[in-house]
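Trainee: The structure follows.
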Amino acid sequence: KAGVTQTPRYLIKTRGQQVTLSCSPISGHRSVSWYQQTPGQGLQFLFEYFSETQRNKGNFPGRFSGRQFSNSRSEMNVSTLELGDSALYLCASSRGTDNEKLFFGSGTQLSVL
Amino acid sequence: DAKTTQPNSMESNEEEPVHLPCNHSTISGTDYIHWYRQLPSQGPEYVIHGLTSNVNNRMASLAIAEDRKSSTLILHRATLRDAAVYYCILSKYNNNDMRFGAGTRLTVKP
């Protein structure tokens, strides 16, 4: 079965713009988590959605938001982009119950100029 | 939140066993121990997880100390493809909030 799909693979934006990233989970998975990865901070948890509801949230400002649709696909949005938002954004899906393992996508590389 | 401590880097020779340690002295009774690895230019990949008993799968073994304050990921025969950053993570039952630390960068020498 198909893995976790993230689009687009690469994105270049300028400061002040906003961006929307998309994640299609593995079929049957109801949980989608988002992570930001930078060389300096490593992998940082943004938030997790389960059945269209945000279930967990990391320590990121309100400029970072997300949502999940009824088909479990998820989007994350970053508004008023800053240079420091340049990062690899990864999403992971799972069935979302009983500490299931996460399946990660290949990520979206965002560059903010 | 309970935290994990791992060495920054380790080296191994190809076809030899590798033992990757993780300390989690503040682990609570409901925390699961997960291991993921990240190969260059890829998203993290699940390796193994457990609660109290030692676990084995086709990729690796997980040895958990009796007091659960530490664990060891064992790769039985390292290959060049096992060169990656290995992350030890704690997460609570029925909770996908996984907080990754800095991990251990494993180098495998031919």
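Each chain of the structure tokens is named A, B, ... in the order shown, its residues numbered from 1; ligands are numbered from 1 in display order.
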Residues of chain B within 9 Å of chain A, counting only C-alpha atoms - could you list those as a list in words?
Mentor: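 Result, ordered by chain then number: Tyr32, His34, Ser41, Gln42, Gly43, Pro44, Glu45, Tyr46, Val47, Ile48, His49, Ser91, Lys92, Tyr93, Asn94, Asn95, Asn96, Asp97, Met98, Arg99, Phe100, Gly101 and Ala102 of chain B.
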Trainee: DSSP on the backbone, then: every residue of region 4-97 of chain B marked strand (DSSP E), written as an MDAnalysis selection string.
Mentor: chainID B and resid 9:13 18:23 31:38 45:50 55:56 61:64 70:75 84:92
Trainee: Would you mind listing what lies within 12 Å of region 8-16 of chain A as a PyMOL selection string, with only C-alpha atoms counted and same-chain residues fewer than 3 positions away left out?
Mentor: (chain A and resi 5+19-24+63+75+78-90+105-113) or (chain B and resi 41-42)
Trainee: In Å, with one decimal, what is the gap from CA of Tyr87 (chain B) to CA of Met76 (chain A)?
Mentor: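 Distance reported for this atom pair: 24.5 Å.
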Trainee: I want to know what sits within 9 Å of Arg67 (chain A), based on only C-alpha atoms, with residues of the same chain fewer than 2 positions away left out; could you give that as a list in words?
Mentor: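 Listed by chain and then number, they are Tyr49, Glu52, Thr53, Gln54, Ser65, Phe69, Arg73, Ser74, Glu75, Met76 and Asn77 of chain A.
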Trainee: Skip region 52-64 of chain B itself and residues of its chain fewer than 6 positions away, then list as JSON, numbers by chain all residues within 12 Å of it, counting only C-alpha atoms.
Mentor: {"B": [17, 18, 19, 20, 21, 22, 23, 24, 27, 28, 29, 30, 31, 32, 33, 34, 35, 36, 37, 45, 46, 70, 71, 72, 73, 74, 75, 76, 77, 78, 79, 81, 82, 88]}
Trainee: Output the selection as a PDB file, in the first residue's frame - C-alpha atoms for each residue.
Mentor:
ATOM      1  CA  PRO B  17      27.002  -6.209  16.586  1.00  0.00           C
ATOM      2  CA  VAL B  18      26.159  -2.690  17.715  1.00  0.00           C
ATOM      3  CA  HIS B  19      24.753  -1.740  21.104  1.00  0.00           C
ATOM      4  CA  LEU B  20      23.185   1.718  21.211  1.00  0.00           C
ATOM      5  CA  PRO B  21      22.442   2.884  24.774  1.00  0.00           C
ATOM      6  CA  CYS B  22      19.706   5.176  26.015  1.00  0.00           C
ATOM      7  CA  ASN B  23      19.201   6.502  29.537  1.00  0.00           C
ATOM      8  CA  HIS B  24      15.730   7.503  30.692  1.00  0.00           C
ATOM      9  CA  ILE B  27      10.605   7.239  32.899  1.00  0.00           C
ATOM     10  CA  SER B  28       7.104   6.676  34.269  1.00  0.00           C
ATOM     11  CA  GLY B  29       5.226   3.416  34.453  1.00  0.00           C
ATOM     12  CA  THR B  30       3.098   4.143  31.387  1.00  0.00           C
ATOM     13  CA  ASP B  31       5.916   5.354  29.104  1.00  0.00           C
ATOM     14  CA  TYR B  32       6.746   3.218  26.092  1.00  0.00           C
ATOM     15  CA  ILE B  33      10.320   3.184  24.751  1.00  0.00           C
ATOM     16  CA  HIS B  34      10.538   3.724  21.003  1.00  0.00           C
ATOM     17  CA  TRP B  35      13.488   3.654  18.638  1.00  0.00           C
ATOM     18  CA  TYR B  36      13.510   5.312  15.237  1.00  0.00           C
ATOM     19  CA  ARG B  37      16.325   5.895  12.805  1.00  0.00           C
ATOM     20  CA  GLU B  45      11.886   5.080  10.140  1.00  0.00           C
ATOM     21  CA  TYR B  46      10.432   2.965  12.942  1.00  0.00           C
ATOM     22  CA  SER B  70      17.810   2.526  30.556  1.00  0.00           C
ATOM     23  CA  SER B  71      17.522   0.511  27.375  1.00  0.00           C
ATOM     24  CA  THR B  72      19.785  -0.714  24.600  1.00  0.00           C
ATOM     25  CA  LEU B  73      19.061  -1.082  20.916  1.00  0.00           C
ATOM     26  CA  ILE B  74      20.981  -4.022  19.474  1.00  0.00           C
ATOM     27  CA  LEU B  75      21.762  -4.374  15.781  1.00  0.00           C
ATOM     28  CA  HIS B  76      23.025  -7.926  15.494  1.00  0.00           C
ATOM     29  CA  ARG B  77      25.170  -7.470  12.372  1.00  0.00           C
ATOM     30  CA  ALA B  78      25.722  -3.898  11.264  1.00  0.00           C
ATOM     31  CA  THR B  79      25.720  -3.171   7.550  1.00  0.00           C
ATOM     32  CA  ARG B  81      22.977   0.673   5.238  1.00  0.00           C
ATOM     33  CA  ASP B  82      22.546   0.907   9.018  1.00  0.00           C
ATOM     34  CA  CYS B  88      15.350   6.848  21.536  1.00  0.00           C
TER      35      CYS B  88
END
Trainee: Go ahead and compute the interatomic distance for CA of Gly103 (chain B) and CA of Leu51 (chain B), in Å to one decimal.
Mentor: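 CA of Leu51 (chain B) lies at a distance of 19.7 Å from CA of Gly103 (chain B).
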